[in-house]
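Asks: CSV, C-alpha atoms, file target-v1.csv:
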chain,number,residue,atom,x,y,z
A,300,MET,CA,7.9,8.1,28.9
A,301,ASP,CA,6.3,11.4,27.9
A,302,PHE,CA,6.0,11.1,24.1
A,303,THR,CA,3.6,11.8,21.3
A,304,CYS,CA,2.8,9.1,18.7
A,305,VAL,CA,0.9,9.0,15.4
A,306,THR,CA,0.1,5.9,13.4
A,307,TYR,CA,-0.9,5.8,9.7
A,308,THR,CA,-1.4,3.1,7.1
A,309,ALA,CA,-0.8,3.9,3.4
A,310,PRO,CA,-1.5,2.0,0.2
A,311,VAL,CA,0.5,0.4,-2.7
A,312,ASN,CA,-0.1,1.9,-6.1
A,313,ILE,CA,0.5,0.0,-9.3
A,314,ALA,CA,1.1,2.2,-12.4
A,315,VAL,CA,-0.7,1.8,-15.6
A,316,ILE,CA,1.2,4.7,-17.2
A,317,LYS,CA,4.8,4.0,-16.0
A,318,TYR,CA,7.3,6.3,-14.3
A,319,TRP,CA,10.7,5.4,-15.5
A,320,GLY,CA,13.5,8.0,-15.5
A,321,LYS,CA,14.2,11.3,-13.8
A,322,THR,CA,15.2,14.8,-15.1
A,323,ASP,CA,16.6,15.6,-11.6
A,324,GLU,CA,17.9,12.8,-9.4
A,325,LYS,CA,18.1,14.8,-6.2
A,326,LEU,CA,14.6,16.3,-6.4
A,327,ILE,CA,13.2,13.2,-8.0
A,328,LEU,CA,11.5,14.9,-10.9
A,329,PRO,CA,10.1,12.4,-13.5
A,330,SER,CA,11.0,12.3,-17.2
A,331,ASN,CA,7.4,11.8,-18.0
A,332,PRO,CA,3.9,11.9,-16.3
A,333,SER,CA,2.5,8.7,-14.9
A,334,LEU,CA,-0.8,7.3,-13.7
A,335,SER,CA,-1.6,4.5,-11.2
A,336,VAL,CA,-4.3,2.7,-9.4
A,337,THR,CA,-4.3,2.8,-5.6
A,338,LEU,CA,-5.0,-0.7,-4.2
A,339,GLY,CA,-6.9,-1.8,-1.1
A,340,GLN,CA,-5.0,-1.5,2.2
A,341,ASN,CA,-6.5,-4.6,3.8
A,342,GLU,CA,-4.5,-6.6,1.3
A,343,LEU,CA,-1.4,-4.4,0.6
A,344,ARG,CA,-0.3,-1.6,2.9
A,345,ALA,CA,2.5,-0.1,4.9
A,346,LYS,CA,1.9,0.8,8.5
A,347,THR,CA,4.1,3.4,10.3
A,348,SER,CA,4.1,4.8,13.8
A,349,VAL,CA,6.1,8.0,14.4
A,350,ALA,CA,6.9,9.0,18.0
A,351,SER,CA,8.5,12.2,19.3
A,352,SER,CA,9.9,13.0,22.7
A,353,SER,CA,12.1,15.5,24.4
A,354,LYS,CA,14.0,12.4,25.7
A,355,TYR,CA,15.0,11.2,22.2
A,356,LYS,CA,18.6,12.2,21.5
A,357,GLU,CA,18.6,11.2,17.8
A,358,ASP,CA,16.3,10.1,15.0
A,359,ARG,CA,15.9,6.3,14.8
A,360,MET,CA,14.0,3.9,12.6
A,361,TRP,CA,12.9,0.3,12.5
A,362,LEU,CA,11.6,-1.5,9.4
A,363,ASN,CA,9.9,-4.8,9.7
A,364,GLY,CA,11.4,-5.4,13.1
A,365,LYS,CA,15.0,-4.4,12.3
A,366,GLU,CA,16.7,-1.1,13.0
A,367,GLN,CA,17.7,0.7,9.9
A,368,PRO,CA,20.0,3.8,9.5
A,369,VAL,CA,18.2,7.1,9.0
A,370,SER,CA,21.2,8.5,7.2
A,371,SER,CA,20.0,7.8,3.6
A,372,PRO,CA,19.6,11.1,1.6
A,373,ARG,CA,16.0,10.4,0.8
A,374,ILE,CA,14.9,9.9,4.5
A,375,GLN,CA,16.9,13.0,5.4
A,376,ASN,CA,15.2,15.0,2.6
A,377,VAL,CA,11.8,14.0,3.9
A,378,LEU,CA,12.7,14.8,7.5
A,379,LYS,CA,14.3,18.1,6.6
A,380,GLU,CA,11.4,19.3,4.5
A,381,ILE,CA,8.7,18.3,7.0
A,382,ARG,CA,10.6,20.1,9.8
A,383,ARG,CA,11.2,23.2,7.6
A,384,ARG,CA,7.5,23.5,7.0
A,385,ALA,CA,6.7,22.8,10.6
A,386,LYS,CA,9.0,25.6,11.8
A,387,LYS,CA,7.1,28.1,9.8
A,388,LYS,CA,4.1,27.5,12.1
A,389,THR,CA,5.7,27.2,15.5
A,390,LYS,CA,8.6,28.7,17.5
A,391,ASP,CA,8.7,25.6,19.7
A,392,SER,CA,11.7,23.3,19.3
A,393,LEU,CA,10.9,20.1,17.2
A,394,HIS,CA,11.8,16.9,19.0
A,395,ARG,CA,13.6,14.0,17.5
A,396,VAL,CA,11.5,11.1,16.2
A,397,HIS,CA,11.5,7.4,16.4
A,398,ILE,CA,10.0,5.7,13.4
A,399,CYS,CA,8.6,2.1,13.3
A,400,SER,CA,7.3,0.7,10.0
A,401,GLU,CA,6.1,-2.6,8.7
A,402,ASN,CA,4.6,-3.9,5.4
A,403,ASN,CA,2.1,-6.7,5.1
A,404,PHE,CA,3.7,-7.7,1.7
A,405,PRO,CA,7.3,-8.4,0.5
A,406,THR,CA,9.7,-5.5,0.5
A,407,ALA,CA,11.9,-4.6,-2.5
A,408,ALA,CA,10.3,-7.2,-4.7
A,409,GLY,CA,8.8,-4.9,-7.2
A,410,LEU,CA,5.5,-4.5,-5.3
A,411,ALA,CA,5.8,-0.7,-4.7
A,412,SER,CA,6.9,-1.1,-1.1
A,413,SER,CA,8.8,2.1,-1.1
A,414,ALA,CA,5.8,4.0,-2.4
A,415,ALA,CA,3.6,2.8,0.4
A,416,GLY,CA,6.3,3.3,2.9
A,417,TYR,CA,7.2,6.9,2.1
A,418,ALA,CA,3.5,7.9,1.7
A,419,CYS,CA,2.9,6.4,5.1
A,420,LEU,CA,5.9,8.1,6.7
A,421,VAL,CA,5.1,11.6,5.3
A,422,SER,CA,1.5,11.3,6.3
A,423,ALA,CA,2.5,10.4,9.9
A,424,LEU,CA,5.2,13.1,10.1
A,425,ALA,CA,2.8,15.7,8.8
A,426,GLU,CA,0.2,14.9,11.4
A,427,LEU,CA,2.8,14.8,14.1
A,428,TYR,CA,4.3,18.1,13.3
A,429,GLY,CA,1.0,19.8,12.2
A,430,VAL,CA,2.0,20.3,8.6
A,431,GLU,CA,-1.0,21.0,6.4
A,432,GLY,CA,-1.7,21.4,2.7
A,433,GLU,CA,-0.1,19.6,-0.3
A,434,ILE,CA,2.5,17.1,0.9
A,435,SER,CA,2.7,14.7,-2.1
A,436,ASP,CA,5.8,16.7,-3.2
A,437,ILE,CA,7.5,15.7,0.1
A,438,ALA,CA,6.6,12.0,-0.4
A,439,ARG,CA,8.1,12.3,-3.9
A,440,GLN,CA,11.4,13.2,-2.4
A,441,GLY,CA,11.4,9.9,-0.6
A,442,SER,CA,10.3,7.7,-3.5
A,443,GLY,CA,8.9,9.1,-6.7
A,444,SER,CA,5.9,6.9,-7.0
A,445,ALA,CA,5.1,7.5,-3.3
A,446,CYS,CA,3.5,10.8,-4.3
A,447,ARG,CA,0.7,8.8,-6.0
A,448,SER,CA,0.1,6.8,-2.9
A,449,MET,CA,-1.0,10.0,-1.2
A,450,TYR,CA,-4.4,9.7,-2.8
A,451,GLY,CA,-6.9,6.9,-3.3
A,452,GLY,CA,-8.5,5.7,-6.5
A,453,PHE,CA,-6.8,6.6,-9.8
A,454,VAL,CA,-3.9,9.0,-9.4
A,455,GLY,CA,-1.7,10.9,-11.8
A,456,TRP,CA,1.8,12.5,-11.2
A,457,ARG,CA,2.8,15.6,-13.1
A,458,THR,CA,6.2,16.4,-14.4
A,459,GLY,CA,7.5,19.9,-13.6
A,460,THR,CA,9.6,21.7,-11.1
A,461,HIS,CA,10.4,21.1,-7.4
A,462,LYS,CA,7.1,22.7,-6.4
A,463,ASP,CA,4.6,21.7,-9.1
A,464,SER,CA,5.6,18.0,-9.7
A,465,ILE,CA,2.8,16.7,-7.6
A,466,ALA,CA,0.2,14.0,-7.6
A,467,PHE,CA,-3.4,14.6,-8.6
A,468,GLN,CA,-6.5,12.5,-8.2
A,469,VAL,CA,-8.1,11.5,-11.6
A,470,ALA,CA,-11.0,9.7,-9.9
A,471,GLU,CA,-11.9,8.6,-6.4
A,472,GLU,CA,-11.9,4.9,-5.4
A,473,SER,CA,-15.7,4.9,-5.5
A,474,HIS,CA,-15.7,5.9,-9.2
A,475,TRP,CA,-15.1,2.5,-10.7
A,476,PRO,CA,-16.1,0.0,-7.9
A,477,GLU,CA,-16.1,-3.0,-10.3
A,478,MET,CA,-12.4,-2.7,-10.9
A,479,ARG,CA,-10.4,-5.5,-9.3
A,480,SER,CA,-6.8,-6.6,-9.2
A,481,LEU,CA,-5.0,-9.9,-8.9
A,482,ILE,CA,-1.4,-9.7,-7.9
A,483,LEU,CA,0.5,-12.8,-9.1
A,484,VAL,CA,3.6,-13.1,-6.9
A,485,VAL,CA,6.3,-14.9,-8.9
A,486,SER,CA,9.1,-13.9,-6.5
A,487,ASP,CA,9.2,-12.2,-3.1
A,488,GLN,CA,13.0,-11.8,-3.3
A,489,LYS,CA,14.7,-8.5,-3.6
A,490,LYS,CA,15.1,-7.5,-7.3
A,491,HIS,CA,18.5,-7.8,-8.8
A,492,VAL,CA,18.6,-4.2,-10.1
A,493,GLY,CA,17.0,-1.5,-8.0
A,494,SER,CA,14.6,1.0,-9.7
A,495,THR,CA,16.9,4.0,-9.2
A,496,GLU,CA,19.9,2.3,-10.7
A,497,GLY,CA,17.8,0.9,-13.5
A,498,MET,CA,16.3,4.3,-14.4
A,499,GLN,CA,19.7,5.9,-14.5
A,500,ASN,CA,21.2,3.2,-16.8
A,501,THR,CA,18.2,3.4,-19.1
A,502,LEU,CA,18.3,7.1,-19.6
A,503,ARG,CA,22.1,6.9,-20.2
A,504,THR,CA,22.2,4.0,-22.6
A,505,SER,CA,18.7,3.3,-24.2
A,506,GLY,CA,18.1,4.7,-27.6
A,507,LEU,CA,14.5,3.9,-27.3
A,508,MET,CA,13.9,5.8,-24.1
A,509,GLN,CA,13.6,9.3,-25.8
A,510,GLN,CA,11.0,7.9,-28.2
A,511,ARG,CA,9.0,6.6,-25.3
A,512,ILE,CA,9.0,9.9,-23.5
A,513,LYS,CA,7.5,11.6,-26.6
A,514,LEU,CA,4.6,9.2,-26.6
A,515,VAL,CA,3.6,9.3,-22.9
A,516,ASP,CA,1.5,12.5,-22.9
A,517,SER,CA,-0.8,11.1,-25.5
A,518,ALA,CA,-1.1,7.8,-23.5
A,519,MET,CA,-1.9,9.9,-20.4
A,520,GLU,CA,-4.7,11.8,-22.1
A,521,ARG,CA,-6.3,8.6,-23.5
A,522,MET,CA,-6.0,6.8,-20.1
A,523,ILE,CA,-7.6,9.6,-18.2
A,524,LYS,CA,-10.5,9.6,-20.7
A,525,ALA,CA,-10.8,5.8,-20.4
A,526,ILE,CA,-11.0,5.9,-16.6
A,527,LYS,CA,-13.5,8.7,-16.5
A,528,GLU,CA,-15.7,6.9,-19.1
A,529,LYS,CA,-15.1,3.5,-17.4
A,530,ASP,CA,-13.9,2.1,-20.8
A,531,PHE,CA,-12.1,-1.1,-19.8
A,532,PRO,CA,-11.0,-2.3,-23.2
A,533,THR,CA,-9.1,1.0,-23.8
A,534,PHE,CA,-7.8,1.0,-20.2
A,535,ALA,CA,-6.5,-2.5,-20.7
A,536,GLU,CA,-4.9,-1.9,-24.1
A,537,ILE,CA,-3.0,1.2,-22.9
A,538,THR,CA,-2.0,-0.6,-19.7
A,539,MET,CA,-0.5,-3.6,-21.5
A,540,LYS,CA,1.3,-1.6,-24.1
A,541,GLU,CA,2.8,0.7,-21.5
A,542,SER,CA,4.1,-2.3,-19.5
A,543,ASN,CA,5.5,-3.8,-22.7
A,544,GLN,CA,7.2,-0.5,-23.6
A,545,ILE,CA,8.9,-0.1,-20.2
A,546,HIS,CA,10.3,-3.6,-20.3
A,547,ALA,CA,11.4,-3.0,-23.9
A,548,VAL,CA,13.5,0.1,-22.9
A,549,CYS,CA,14.9,-2.0,-20.0
A,550,LEU,CA,15.9,-4.6,-22.5
A,551,ASP,CA,17.4,-1.8,-24.6
A,552,THR,CA,19.4,-0.6,-21.7
A,553,PHE,CA,23.1,-1.6,-21.8
A,554,PRO,CA,23.8,-3.9,-20.1
A,555,PRO,CA,20.1,-5.1,-20.4
A,556,ILE,CA,17.9,-5.2,-17.4
A,557,PHE,CA,15.7,-8.3,-17.1
A,558,TYR,CA,12.9,-7.7,-14.6
A,559,MET,CA,10.5,-10.1,-16.2
A,560,THR,CA,11.2,-13.9,-16.0
A,561,ASP,CA,10.0,-16.8,-18.1
A,562,VAL,CA,7.1,-17.1,-15.7
A,563,SER,CA,6.2,-13.4,-16.3
A,564,ARG,CA,6.2,-14.0,-20.0
A,565,LEU,CA,3.9,-17.1,-19.6
A,566,ILE,CA,1.5,-14.9,-17.6
A,567,VAL,CA,1.5,-12.4,-20.5
A,568,ARG,CA,0.7,-15.2,-23.0
A,569,LEU,CA,-2.1,-16.5,-20.7
A,570,VAL,CA,-3.8,-13.0,-20.5
A,571,HIS,CA,-3.7,-12.6,-24.3
A,572,ALA,CA,-5.0,-16.2,-24.8
A,573,ILE,CA,-7.9,-15.6,-22.4
A,574,ASN,CA,-8.9,-12.4,-24.2
A,575,ASP,CA,-8.6,-14.2,-27.6
A,576,ALA,CA,-10.7,-17.1,-26.4
A,577,LEU,CA,-13.4,-14.8,-25.1
A,578,GLY,CA,-13.3,-12.6,-28.2
A,579,LYS,CA,-13.0,-9.4,-26.1
A,580,VAL,CA,-10.6,-7.8,-23.7
A,581,LYS,CA,-11.5,-8.9,-20.2
A,582,VAL,CA,-8.2,-8.8,-18.4
A,583,CYS,CA,-4.9,-6.9,-18.7
A,584,TYR,CA,-1.5,-7.2,-17.2
A,585,THR,CA,1.2,-4.8,-16.0
A,586,PHE,CA,4.6,-5.4,-14.6
A,587,ASP,CA,6.6,-2.9,-12.5
A,588,ALA,CA,10.4,-3.3,-11.9
A,589,GLY,CA,10.1,-7.0,-11.0
A,590,PRO,CA,8.6,-10.3,-12.2
A,591,ASN,CA,5.3,-10.0,-10.4
A,592,ALA,CA,2.2,-9.4,-12.4
A,593,CYS,CA,-0.7,-7.1,-11.6
A,594,LEU,CA,-3.8,-8.1,-13.5
A,595,TYR,CA,-6.7,-5.6,-13.8
A,596,LEU,CA,-10.2,-6.9,-14.5
A,597,MET,CA,-13.8,-6.4,-13.7
A,598,ASP,CA,-15.3,-8.0,-10.6
A,599,GLU,CA,-17.6,-10.3,-12.6
A,600,ASP,CA,-14.6,-11.8,-14.5
A,601,VAL,CA,-12.5,-12.6,-11.5
A,602,PRO,CA,-13.7,-16.2,-10.9
A,603,LEU,CA,-13.2,-17.2,-14.5
A,604,VAL,CA,-9.7,-15.6,-14.8
A,605,LEU,CA,-8.6,-16.9,-11.4
A,606,SER,CA,-9.7,-20.5,-12.3
A,607,LEU,CA,-7.5,-20.4,-15.4
A,608,VAL,CA,-4.6,-18.9,-13.5
A,609,LYS,CA,-4.9,-21.6,-10.9
A,610,HIS,CA,-5.1,-24.3,-13.7
A,611,PHE,CA,-2.0,-23.2,-15.5
A,612,PHE,CA,-0.1,-22.2,-12.4
A,613,PRO,CA,-1.2,-24.7,-9.7
A,614,SER,CA,0.0,-24.3,-6.2
A,615,VAL,CA,2.4,-26.8,-4.7
A,616,GLN,CA,2.4,-25.3,-1.2
A,617,ASN,CA,2.5,-27.8,1.7
A,618,ASN,CA,2.8,-25.4,4.6
A,619,GLY,CA,-0.9,-24.6,4.9
A,620,GLU,CA,-0.6,-21.0,3.6
A,621,GLU,CA,-3.5,-19.8,1.4
A,622,TYR,CA,-2.7,-19.7,-2.3
A,623,VAL,CA,-5.2,-16.9,-2.9
A,624,LYS,CA,-5.1,-14.2,-0.3
A,625,GLY,CA,-7.2,-11.1,0.2
A,626,LEU,CA,-10.7,-10.5,-1.1
A,627,LYS,CA,-12.7,-13.7,-1.4
A,628,VAL,CA,-13.4,-15.0,-4.8
A,629,SER,CA,-16.4,-17.2,-5.7
A,630,HIS,CA,-15.2,-20.7,-6.8
A,631,GLN,CA,-15.6,-21.5,-10.5
A,632,GLU,CA,-14.7,-24.7,-12.2
A,633,VAL,CA,-12.2,-24.3,-14.9
A,634,ASP,CA,-13.7,-24.1,-18.4
A,635,GLN,CA,-12.2,-27.2,-20.2
A,636,LYS,CA,-12.9,-25.8,-23.7
A,637,MET,CA,-10.9,-22.6,-22.8
A,638,VAL,CA,-8.1,-24.8,-21.4
A,639,SER,CA,-7.9,-26.8,-24.7
A,640,ASP,CA,-7.9,-23.5,-26.7
A,641,ILE,CA,-5.1,-22.1,-24.7
A,642,ASN,CA,-1.8,-23.6,-25.7
A,643,LEU,CA,0.3,-23.2,-22.6
A,644,PRO,CA,2.3,-25.5,-20.4
A,645,ILE,CA,1.2,-26.1,-16.9
A,646,SER,CA,3.7,-24.7,-14.4
A,647,PRO,CA,3.3,-26.0,-10.9
A,648,GLY,CA,4.7,-23.7,-8.2
A,649,ALA,CA,5.7,-21.0,-10.6
A,650,ILE,CA,3.4,-18.5,-8.8
A,651,LYS,CA,4.1,-18.4,-5.0
A,652,TYR,CA,0.7,-16.9,-4.1
A,653,ILE,CA,-2.0,-14.6,-5.4
A,654,ILE,CA,-3.4,-11.4,-3.8
A,655,SER,CA,-7.0,-10.5,-4.6
A,656,THR,CA,-7.7,-6.8,-4.1
A,657,GLY,CA,-9.5,-3.8,-5.5
A,658,VAL,CA,-9.2,0.0,-5.7
A,659,GLY,CA,-8.7,1.6,-2.3
A,660,PRO,CA,-8.3,4.9,-0.4
A,661,GLY,CA,-5.2,7.0,0.4
A,662,PRO,CA,-3.4,7.1,3.7
A,663,GLN,CA,-5.5,6.5,6.8
A,664,MET,CA,-4.8,7.6,10.4
A,665,ILE,CA,-5.2,4.9,13.1
A,666,ALA,CA,-6.5,6.4,16.3
A,667,ASP,CA,-6.4,3.4,18.6
A,668,PRO,CA,-3.2,3.4,20.6
A,669,ALA,CA,-3.3,-0.4,20.7
A,670,ASP,CA,-2.6,-0.4,17.0
A,671,SER,CA,0.6,1.6,17.4
A,672,LEU,CA,3.9,0.0,16.6
A,673,PHE,CA,5.3,1.5,19.8
A,674,THR,CA,4.6,0.2,23.3
A,675,PRO,CA,3.1,2.6,25.9
A,676,ASP,CA,6.6,3.3,27.2
A,677,GLY,CA,7.9,4.4,23.8
A,678,LYS,CA,9.7,1.2,22.7
A,679,PRO,CA,9.2,-0.3,19.2
A,680,ARG,CA,7.1,-3.5,19.2
A,681,LEU,CA,9.6,-5.9,17.6
Rewrite the structure from the file as structure tokens, please.
Replies:
Amino acid sequence: MDFTCVTYTAPVNIAVIKYWGKTDEKLILPSNPSLSVTLGQNELRAKTSVASSSKYKEDRMWLNGKEQPVSSPRIQNVLKEIRRRAKKKTKDSLHRVHICSENNFPTAAGLASSAAGYACLVSALAELYGVEGEISDIARQGSGSACRSMYGGFVGWRTGTHKDSIAFQVAEESHWPEMRSLILVVSDQKKHVGSTEGMQNTLRTSGLMQQRIKLVDSAMERMIKAIKEKDFPTFAEITMKESNQIHAVCLDTFPPIFYMTDVSRLIVRLVHAINDALGKVKVCYTFDAGPNACLYLMDEDVPLVLSLVKHFFPSVQNNGEEYVKGLKVSHQEVDQKMVSDINLPISPGAIKYIISTGVGPGPQMIADPADSLFTPDGKPRL
């Protein structure tokens, strides 16, 4: 078949200043600015191939091997906006597209799969149709936090209007190479309340939400300063307080939203206990709309922290899968004095697995046709 195909990968981002709530549901304009860390794509990424052909009669899409409808308003908004901009540059007719996408991590489990997915889709479509310039606002129309996945490193997202609510890079991925992340996967199941529904309910019913919105600008300023100065204690304090605040307004929502679980709260206690035992802030946590923890810490502290996580949350896997995936971590025996100082129960099997990663780049084009998610005759590799 005569067709054109483009393949991209795009990263997950985990926010340290949280996005929660919209001033415009259709345009996905945020109630407050936010800031995130873009994570490494070898460990967490979406991969999308987009193919176009004059033979295609309609747009179609496959996600993780299963065909999905393309009728959702958000997908349609992305397709329409990309094509609108493409038509400004060409008089040629724009062919229909087939989209094939996959994630190398759980979907809809609170690990920012939609952010990676829409950033990947928009990047591939823009390349396919020759759309240049700022496109994070298009990604935003698919999933708000997707606009932050359009850049690597440390990325902010501005409030504003349809045109100026865009992402901006605070610092490149090479700025703070010592920064590492441990993702503690408590559950890989779909969350019980989706982020969109949760945000709507919080804005409508939480009395604390308006107070939170008033505080975010100050937190953004302090966080940007901490990142530029590589001030980890300040970065960590703001990150943890922000996470706590978001889940407080979720709890203040009526009916309340419980994204964190008992295991999530044990992880919070462990992080604070580690910092207390060391007498300084060495690790911090943040939780998005789900029970899974993202720990930020410096590279030199990963072996110690991981040894304690593995002690208090030992693996019970018998299927041969790795408990710690991703970047290799040097083995360190658990510090028995720290264990005795930390008053926590041991919870076997409470964490399914751990992903070790770092700060990474934005979307990347894959040139090798062998890496396409479509076969040479234009069929999805299912």
Asks: Which residue is closest to Ala414 in chain A? Choose from A:His397, A:Lys581, A:Arg382, A:Arg447 and count only C-alpha atoms.
Replies: A:Arg447
Asks: Would you mind listing what lies within 10 Å of range 660-675 of chain A as an NGL selection string, with all atoms listed in the file counted and same-chain residues fewer than 3 positions away left out?
Replies: :A and (300-302 or 304-312 or 337-340 or 344-350 or 361 or 364 or 397-401 or 415 or 418-423 or 426 or 447-453 or 471-473 or 678-681)
Asks: Separation of CA of Glu324 in chain A and CA of Tyr584 in chain A, in Å?
Replies: 28.9 Å
Asks: Compare A:Ile653, A:Cys549, A:Leu343, A:Ala572 by their minimum atom-to-atom distance to Glu496 in chain A, counting only C-alpha atoms, and give me the closest one.
Replies: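 Using only C-alpha atoms, the shortest distance to Glu496 in chain A belongs to A:Cys549.
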Asks: With a distance cut-off of 8 Å and only C-alpha atoms, select the neighbouring residues of Ala588 in chain A, excluding the residue or stretch itself and same-chain residues fewer than 6 positions from it, and output the selection as a PyMOL selection string.
Replies: chain A and resi 409+490+493-494+558
Asks: Report as JSON lines: every residue of range 551-633 of chain A with an atom at most 12 Å from range 507-518 of chain A, its closest pair of atoms, and their distance in Å to one decimal, counting all atoms listed in the file, with rows sorted by chain and ascending residue number.
Replies:
{"residue": "A:Asp551", "atom": "CA", "partner": "A:Leu507", "partner_atom": "CA", "distance": 6.9}
{"residue": "A:Thr552", "atom": "CA", "partner": "A:Leu507", "partner_atom": "CA", "distance": 8.7}
{"residue": "A:Phe553", "atom": "CA", "partner": "A:Leu507", "partner_atom": "CA", "distance": 11.6}
Asks: How would the residues just picked look written out with C-alpha atoms as a tab-separated table (two decimals), in the frame of the given file?
Replies:
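The file below, again-v7.tsv, is the result:
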chain	number	residue	atom	x	y	z
A	551	ASP	CA	17.40	-1.80	-24.60
A	552	THR	CA	19.40	-0.60	-21.70
A	553	PHE	CA	23.10	-1.60	-21.80
Asks: With distances taken over all atoms listed in the file, which residue among A:Ala438, A:Ile650, A:Val633, A:Val369 lies nearest Leu565 in chain A?
Replies: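 Closest candidate: A:Ile650.
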Asks: For Leu378 in chain A, which residue out of A:Pro602, A:Gly441, A:Pro590, A:Pro554 is the nearest one, using all atoms listed in the file?
Replies: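 When distances to Leu378 in chain A are compared using all atoms listed in the file, the smallest one comes from A:Gly441.
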Asks: Restricting the calculation to all atoms listed in the file, which member of A:Pro555, A:Pro372, A:Pro476, A:Gly459 is positioned closest to Thr504 in chain A?
Replies: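 Smallest separation from Thr504 in chain A among the options: A:Pro555.
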Asks: If I only have part of range 523-536 of chain A, can you fill in N, CA, C and O atoms and write it as a PDB file, in the frame of the given file?
Replies:
ATOM      1  N   ILE A 523      -6.716   8.814 -19.027  1.00  0.00           N
ATOM      2  CA  ILE A 523      -7.600   9.600 -18.200  1.00  0.00           C
ATOM      3  C   ILE A 523      -9.037   9.560 -18.718  1.00  0.00           C
ATOM      4  O   ILE A 523     -10.008   9.383 -17.970  1.00  0.00           O
ATOM      5  N   LYS A 524      -9.173   9.673 -20.026  1.00  0.00           N
ATOM      6  CA  LYS A 524     -10.500   9.600 -20.700  1.00  0.00           C
ATOM      7  C   LYS A 524     -11.116   8.222 -20.443  1.00  0.00           C
ATOM      8  O   LYS A 524     -12.308   8.109 -20.126  1.00  0.00           O
ATOM      9  N   ALA A 525     -10.321   7.164 -20.595  1.00  0.00           N
ATOM     10  CA  ALA A 525     -10.800   5.800 -20.400  1.00  0.00           C
ATOM     11  C   ALA A 525     -11.314   5.571 -18.983  1.00  0.00           C
ATOM     12  O   ALA A 525     -12.356   4.943 -18.757  1.00  0.00           O
ATOM     13  N   ILE A 526     -10.561   6.102 -18.005  1.00  0.00           N
ATOM     14  CA  ILE A 526     -11.000   5.900 -16.600  1.00  0.00           C
ATOM     15  C   ILE A 526     -12.253   6.697 -16.322  1.00  0.00           C
ATOM     16  O   ILE A 526     -13.186   6.156 -15.707  1.00  0.00           O
ATOM     17  N   LYS A 527     -12.332   7.922 -16.780  1.00  0.00           N
ATOM     18  CA  LYS A 527     -13.500   8.700 -16.500  1.00  0.00           C
ATOM     19  C   LYS A 527     -14.767   8.128 -17.176  1.00  0.00           C
ATOM     20  O   LYS A 527     -15.878   8.204 -16.640  1.00  0.00           O
ATOM     21  N   GLU A 528     -14.575   7.497 -18.339  1.00  0.00           N
ATOM     22  CA  GLU A 528     -15.700   6.900 -19.100  1.00  0.00           C
ATOM     23  C   GLU A 528     -15.887   5.411 -18.693  1.00  0.00           C
ATOM     24  O   GLU A 528     -16.786   4.751 -19.218  1.00  0.00           O
ATOM     25  N   LYS A 529     -15.030   4.891 -17.836  1.00  0.00           N
ATOM     26  CA  LYS A 529     -15.100   3.500 -17.400  1.00  0.00           C
ATOM     27  C   LYS A 529     -15.021   2.556 -18.657  1.00  0.00           C
ATOM     28  O   LYS A 529     -15.774   1.607 -18.776  1.00  0.00           O
ATOM     29  N   ASP A 530     -14.101   2.885 -19.525  1.00  0.00           N
ATOM     30  CA  ASP A 530     -13.900   2.100 -20.800  1.00  0.00           C
ATOM     31  C   ASP A 530     -12.784   1.130 -20.552  1.00  0.00           C
ATOM     32  O   ASP A 530     -11.609   1.426 -20.762  1.00  0.00           O
ATOM     33  N   PHE A 531     -13.168  -0.086 -20.126  1.00  0.00           N
ATOM     34  CA  PHE A 531     -12.100  -1.100 -19.800  1.00  0.00           C
ATOM     35  C   PHE A 531     -11.289  -1.533 -20.951  1.00  0.00           C
ATOM     36  O   PHE A 531     -10.065  -1.656 -20.803  1.00  0.00           O
ATOM     37  N   PRO A 532     -11.847  -1.823 -22.128  1.00  0.00           N
ATOM     38  CA  PRO A 532     -11.000  -2.300 -23.200  1.00  0.00           C
ATOM     39  C   PRO A 532      -9.860  -1.279 -23.551  1.00  0.00           C
ATOM     40  O   PRO A 532      -8.711  -1.689 -23.783  1.00  0.00           O
ATOM     41  N   THR A 533     -10.173   0.020 -23.554  1.00  0.00           N
ATOM     42  CA  THR A 533      -9.100   1.000 -23.800  1.00  0.00           C
ATOM     43  C   THR A 533      -8.147   1.079 -22.653  1.00  0.00           C
ATOM     44  O   THR A 533      -6.923   1.136 -22.861  1.00  0.00           O
ATOM     45  N   PHE A 534      -8.656   1.077 -21.424  1.00  0.00           N
ATOM     46  CA  PHE A 534      -7.800   1.000 -20.200  1.00  0.00           C
ATOM     47  C   PHE A 534      -6.833  -0.143 -20.321  1.00  0.00           C
ATOM     48  O   PHE A 534      -5.631  -0.003 -20.070  1.00  0.00           O
ATOM     49  N   ALA A 535      -7.350  -1.307 -20.679  1.00  0.00           N
ATOM     50  CA  ALA A 535      -6.500  -2.500 -20.700  1.00  0.00           C
ATOM     51  C   ALA A 535      -5.469  -2.463 -21.807  1.00  0.00           C
ATOM     52  O   ALA A 535      -4.312  -2.837 -21.579  1.00  0.00           O
ATOM     53  N   GLU A 536      -5.850  -1.980 -22.994  1.00  0.00           N
ATOM     54  CA  GLU A 536      -4.900  -1.900 -24.100  1.00  0.00           C
ATOM     55  C   GLU A 536      -3.717  -0.979 -23.754  1.00  0.00           C
ATOM     56  O   GLU A 536      -2.552  -1.329 -23.952  1.00  0.00           O
TER      57      GLU A 536
END
